[in-house]
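Student: So here's structure.txt (compact mmCIF, N, CA and C atoms).
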```
# COMPACT_ATOMS: atom_id res chain seq x y z
N MET A 1 48.52 60.85 140.43
CA MET A 1 48.53 62.27 140.14
C MET A 1 49.28 62.49 138.82
N GLU A 2 48.68 63.22 137.92
CA GLU A 2 49.30 63.52 136.64
C GLU A 2 50.16 64.77 136.76
N LEU A 3 51.42 64.65 136.36
CA LEU A 3 52.34 65.79 136.41
C LEU A 3 52.43 66.42 135.03
N LYS A 4 52.37 67.73 134.94
CA LYS A 4 52.42 68.42 133.66
C LYS A 4 53.70 69.23 133.54
N ASP A 5 54.32 69.15 132.38
CA ASP A 5 55.47 69.97 132.02
C ASP A 5 55.00 70.85 130.87
N PRO A 6 54.99 72.17 131.01
CA PRO A 6 54.44 73.05 129.97
C PRO A 6 55.23 73.05 128.67
N THR A 7 56.44 72.48 128.65
CA THR A 7 57.27 72.50 127.44
C THR A 7 57.13 71.24 126.60
N THR A 8 56.29 70.30 127.01
CA THR A 8 56.18 69.02 126.31
C THR A 8 54.77 68.45 126.45
N TYR A 9 54.45 67.49 125.60
CA TYR A 9 53.18 66.77 125.70
C TYR A 9 53.31 65.51 126.55
N THR A 10 54.49 65.22 127.04
CA THR A 10 54.74 64.00 127.80
C THR A 10 54.02 64.03 129.14
N ASN A 11 53.47 62.89 129.54
CA ASN A 11 52.83 62.74 130.84
C ASN A 11 53.88 62.15 131.79
N LEU A 12 54.40 62.96 132.67
CA LEU A 12 55.50 62.54 133.54
C LEU A 12 55.10 61.51 134.59
N SER A 13 53.82 61.28 134.79
CA SER A 13 53.40 60.28 135.77
C SER A 13 53.48 58.86 135.20
N GLN A 14 53.76 58.70 133.90
CA GLN A 14 53.81 57.37 133.28
C GLN A 14 55.09 56.61 133.58
N GLY A 15 56.13 57.28 133.91
CA GLY A 15 57.40 56.61 134.16
C GLY A 15 58.53 57.61 134.15
N LYS A 16 59.66 57.18 134.64
CA LYS A 16 60.82 58.06 134.73
C LYS A 16 61.96 57.46 133.91
N ILE A 17 62.50 58.24 132.99
CA ILE A 17 63.62 57.80 132.17
C ILE A 17 64.91 58.02 132.94
N ARG A 18 65.68 56.95 133.11
CA ARG A 18 66.94 57.04 133.85
C ARG A 18 68.08 57.48 132.94
N HIS A 19 68.08 56.98 131.68
CA HIS A 19 69.20 57.28 130.78
C HIS A 19 68.73 57.11 129.33
N ILE A 20 69.29 57.91 128.42
CA ILE A 20 69.02 57.77 126.99
C ILE A 20 70.35 57.72 126.25
N ASP A 21 70.53 56.70 125.41
CA ASP A 21 71.68 56.62 124.50
C ASP A 21 71.20 57.02 123.12
N PHE A 22 71.89 57.98 122.50
CA PHE A 22 71.55 58.42 121.15
C PHE A 22 72.61 57.97 120.16
N ARG A 23 72.18 57.56 118.98
CA ARG A 23 73.07 57.33 117.83
C ARG A 23 72.48 58.16 116.70
N ILE A 24 73.29 59.03 116.12
CA ILE A 24 72.79 59.98 115.12
C ILE A 24 73.58 59.83 113.83
N GLY A 25 72.86 59.62 112.73
CA GLY A 25 73.45 59.59 111.40
C GLY A 25 72.97 60.79 110.61
N VAL A 26 73.86 61.38 109.82
CA VAL A 26 73.52 62.58 109.05
C VAL A 26 73.62 62.26 107.56
N ASP A 27 72.57 62.60 106.81
CA ASP A 27 72.58 62.50 105.34
C ASP A 27 72.52 63.93 104.81
N PHE A 28 73.68 64.46 104.45
CA PHE A 28 73.75 65.85 104.01
C PHE A 28 73.04 66.08 102.69
N SER A 29 73.02 65.08 101.81
CA SER A 29 72.39 65.25 100.50
C SER A 29 70.88 65.44 100.60
N THR A 30 70.25 64.78 101.56
CA THR A 30 68.80 64.93 101.74
C THR A 30 68.44 65.82 102.93
N ARG A 31 69.48 66.30 103.60
CA ARG A 31 69.28 67.17 104.78
C ARG A 31 68.40 66.47 105.83
N ALA A 32 68.75 65.21 106.12
CA ALA A 32 67.96 64.40 107.05
C ALA A 32 68.86 63.80 108.12
N LEU A 33 68.29 63.59 109.27
CA LEU A 33 68.96 62.90 110.37
C LEU A 33 68.28 61.56 110.60
N GLU A 34 69.07 60.54 110.88
CA GLU A 34 68.52 59.27 111.32
C GLU A 34 69.00 59.08 112.75
N ILE A 35 68.06 59.05 113.68
CA ILE A 35 68.41 59.04 115.10
C ILE A 35 67.82 57.80 115.76
N GLU A 36 68.66 57.10 116.50
CA GLU A 36 68.21 55.98 117.32
C GLU A 36 68.36 56.42 118.77
N ALA A 37 67.31 56.23 119.55
CA ALA A 37 67.36 56.56 120.98
C ALA A 37 66.99 55.31 121.77
N ARG A 38 67.85 54.94 122.69
CA ARG A 38 67.59 53.79 123.56
C ARG A 38 67.36 54.30 124.98
N TYR A 39 66.16 54.04 125.47
CA TYR A 39 65.75 54.53 126.78
C TYR A 39 65.95 53.46 127.84
N GLN A 40 66.48 53.84 128.98
CA GLN A 40 66.51 52.98 130.16
C GLN A 40 65.59 53.63 131.18
N LEU A 41 64.57 52.89 131.59
CA LEU A 41 63.60 53.42 132.54
C LEU A 41 63.99 53.04 133.96
N SER A 42 63.60 53.87 134.90
CA SER A 42 63.92 53.62 136.31
C SER A 42 63.20 52.39 136.85
N GLU A 43 62.01 52.12 136.33
CA GLU A 43 61.23 50.96 136.76
C GLU A 43 60.29 50.56 135.63
N PRO A 44 59.76 49.35 135.66
CA PRO A 44 58.84 48.93 134.60
C PRO A 44 57.62 49.85 134.53
N VAL A 45 57.13 50.04 133.32
CA VAL A 45 55.93 50.85 133.10
C VAL A 45 54.74 49.92 132.99
N HIS A 46 53.69 50.21 133.70
CA HIS A 46 52.46 49.43 133.63
C HIS A 46 51.47 50.23 132.80
N GLY A 47 51.05 49.66 131.68
CA GLY A 47 50.17 50.39 130.77
C GLY A 47 50.99 51.04 129.67
N SER A 48 50.45 52.06 129.07
CA SER A 48 51.09 52.73 127.93
C SER A 48 52.16 53.72 128.39
N LEU A 49 53.17 53.87 127.55
CA LEU A 49 54.19 54.91 127.75
C LEU A 49 54.17 55.77 126.50
N TYR A 50 53.77 57.01 126.63
CA TYR A 50 53.69 57.92 125.50
C TYR A 50 54.92 58.81 125.49
N LEU A 51 55.61 58.84 124.36
CA LEU A 51 56.78 59.70 124.19
C LEU A 51 56.40 60.85 123.28
N ASP A 52 56.92 62.02 123.56
CA ASP A 52 56.62 63.22 122.80
C ASP A 52 57.29 63.12 121.43
N THR A 53 56.50 62.97 120.37
CA THR A 53 57.04 62.84 119.01
C THR A 53 56.56 63.98 118.12
N PHE A 54 56.26 65.13 118.71
CA PHE A 54 55.80 66.28 117.96
C PHE A 54 56.85 66.68 116.92
N LYS A 55 56.43 66.73 115.65
CA LYS A 55 57.28 67.08 114.51
C LYS A 55 58.42 66.07 114.28
N ILE A 56 58.22 64.82 114.69
CA ILE A 56 59.20 63.75 114.48
C ILE A 56 58.54 62.66 113.64
N ASP A 57 59.20 62.22 112.58
CA ASP A 57 58.70 61.13 111.75
C ASP A 57 59.22 59.82 112.34
N LEU A 58 58.47 59.24 113.23
CA LEU A 58 58.85 58.01 113.92
C LEU A 58 58.58 56.83 112.99
N THR A 59 59.63 56.05 112.69
CA THR A 59 59.47 54.93 111.77
C THR A 59 59.40 53.58 112.47
N GLN A 60 59.87 53.48 113.71
CA GLN A 60 59.88 52.19 114.38
C GLN A 60 60.00 52.40 115.88
N ALA A 61 59.33 51.54 116.64
CA ALA A 61 59.47 51.52 118.10
C ALA A 61 59.54 50.07 118.53
N ARG A 62 60.53 49.75 119.39
CA ARG A 62 60.74 48.37 119.83
C ARG A 62 60.98 48.36 121.34
N THR A 63 60.63 47.24 121.96
CA THR A 63 61.00 46.99 123.35
C THR A 63 61.42 45.54 123.48
N ASN A 64 62.54 45.32 124.12
CA ASN A 64 63.08 43.97 124.31
C ASN A 64 63.09 43.18 123.00
N GLY A 65 63.43 43.85 121.89
CA GLY A 65 63.57 43.19 120.61
C GLY A 65 62.30 42.99 119.81
N ARG A 66 61.16 43.40 120.33
CA ARG A 66 59.92 43.24 119.55
C ARG A 66 59.30 44.60 119.24
N GLU A 67 58.69 44.68 118.05
CA GLU A 67 58.13 45.95 117.59
C GLU A 67 56.85 46.29 118.35
N LEU A 68 56.70 47.57 118.64
CA LEU A 68 55.50 48.07 119.31
C LEU A 68 54.58 48.73 118.30
N GLU A 69 53.29 48.78 118.63
CA GLU A 69 52.38 49.49 117.74
C GLU A 69 52.47 50.99 118.01
N ARG A 70 52.21 51.76 116.95
CA ARG A 70 52.30 53.22 117.07
C ARG A 70 50.95 53.84 117.01
```
Kindly return the structure encoded in the file as structure tokens.

Tutor:
Amino acid sequence: MELKDPTTYTNLSQGKIRHIDFRIGVDFSTRALEIEARYQLSEPVHGSLYLDTFKIDLTQARTNGRELER
């Protein structure tokens, strides 16, 4: 069953995030943020996991030390 949240494009039936660690760097001269988010999932995800990246310039995605395709 697909669960819908009207405030996001995320498909909640794909997996449950248990915890997120954020590291945020600020560059005031360019008015930009560099943010690293590390997700801990409640259980392994089988298939694709889509994260809501609306209006986010995602430069890299990794799992267990290896880069994922975007």

Student: For Gln60 in chain A, which residue out of A:Phe28, A:Gly15, A:Phe22, A:Glu36 is the nearest one, using only C-alpha atoms?

Tutor: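 Result for the nearest residue to Gln60 in chain A: A:Glu36.
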
Student: Can you tell me how far CA of Leu58 in chain A sits from CA of Val45 in chain A, in Å to one decimal?

Tutor: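 Rounded to one decimal, the two atoms are 20.7 Å apart.
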
Student: Using all atoms listed in the file, which residues sit within 7 Å of Gln14 in chain A once same-chain residues fewer than 4 positions away are excluded, as a VMD selection string?

Tutor: chain A and resid 3 45 to 46 48 to 50

Student: So that I can check the secondary structure, give me every residue of chain A assigned strand (DSSP E or B) by backbone DSSP, as an MDAnalysis selection string.

Tutor: chainID A and resid 4 11 17:27 32:41 62:63 66:67

Student: I'd like the interatomic distance between CA of His19 in chain A and CA of Gln40 in chain A, to a tenth of an Å.

Tutor: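 Separation between CA of His19 in chain A and CA of Gln40 in chain A: 5.1 Å.
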
Student: Could you pull the residues within 8 Å of Ile35 in chain A, counting all atoms listed in the file, minus those fewer than 5 positions along the same chain, as a tab-separated table (two decimals) with N, CA and C atoms, in the frame of the given file?

Tutor:
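In the end it all went to result.tsv:
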```tsv
chain	number	residue	atom	x	y	z
A	22	PHE	N	71.89	57.98	122.50
A	22	PHE	CA	71.55	58.42	121.15
A	22	PHE	C	72.61	57.97	120.16
A	23	ARG	N	72.18	57.56	118.98
A	23	ARG	CA	73.07	57.33	117.83
A	23	ARG	C	72.48	58.16	116.70
A	24	ILE	N	73.29	59.03	116.12
A	24	ILE	CA	72.79	59.98	115.12
A	24	ILE	C	73.58	59.83	113.83
A	25	GLY	N	72.86	59.62	112.73
A	25	GLY	CA	73.45	59.59	111.40
A	25	GLY	C	72.97	60.79	110.61
A	26	VAL	N	73.86	61.38	109.82
A	26	VAL	CA	73.52	62.58	109.05
A	26	VAL	C	73.62	62.26	107.56
```

Student: Hey, can you check how far atom N of Arg66 in chain A sits from atom N of Asp27 in chain A?

Tutor: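 A separation of 26.1 Å between them.
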
Student: Calculated over only C-alpha atoms, which of the candidates A:Arg62, A:Ile17, A:Ser29, A:Ile56 has the smallest distance to Leu41 in chain A?

Tutor: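 Ranking A:Arg62, A:Ile17, A:Ser29, A:Ile56 by distance to Leu41 in chain A, first place goes to A:Ile17.
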
Student: To box range 47-56 of chain A, take all atoms listed in the file, fit an axis-aligned box, add 6 Å on each side, and give centre and edge lengths in Å to one decimal, as AutoDock Vina command-line options.

Tutor:
```
--center_x 54.7 --center_y 58.4 --center_z 122.7 --size_x 21.0 --size_y 29.4 --size_z 30.0
```

Student: Residues at most 12 Å from Asn64 in chain A, counting only C-alpha atoms, excluding those fewer than 3 positions away in the same chain, as an mmCIF file with N, CA and C atoms, keeping the file's coordinate frame?

Tutor:
```
data_model
loop_
_atom_site.group_PDB
_atom_site.id
_atom_site.type_symbol
_atom_site.label_atom_id
_atom_site.label_comp_id
_atom_site.auth_asym_id
_atom_site.auth_seq_id
_atom_site.Cartn_x
_atom_site.Cartn_y
_atom_site.Cartn_z
ATOM 1 N N ARG A 38 67.850 54.940 122.690
ATOM 2 C CA ARG A 38 67.590 53.790 123.560
ATOM 3 C C ARG A 38 67.360 54.300 124.980
ATOM 4 N N TYR A 39 66.160 54.040 125.470
ATOM 5 C CA TYR A 39 65.750 54.530 126.780
ATOM 6 C C TYR A 39 65.950 53.460 127.840
ATOM 7 N N GLN A 40 66.480 53.840 128.980
ATOM 8 C CA GLN A 40 66.510 52.980 130.160
ATOM 9 C C GLN A 40 65.590 53.630 131.180
ATOM 10 N N ALA A 61 59.330 51.540 116.640
ATOM 11 C CA ALA A 61 59.470 51.520 118.100
ATOM 12 C C ALA A 61 59.540 50.070 118.530
ATOM 13 N N GLU A 67 58.690 44.680 118.050
ATOM 14 C CA GLU A 67 58.130 45.950 117.590
ATOM 15 C C GLU A 67 56.850 46.290 118.350
ATOM 16 N N LEU A 68 56.700 47.570 118.640
ATOM 17 C CA LEU A 68 55.500 48.070 119.310
ATOM 18 C C LEU A 68 54.580 48.730 118.300
#
```
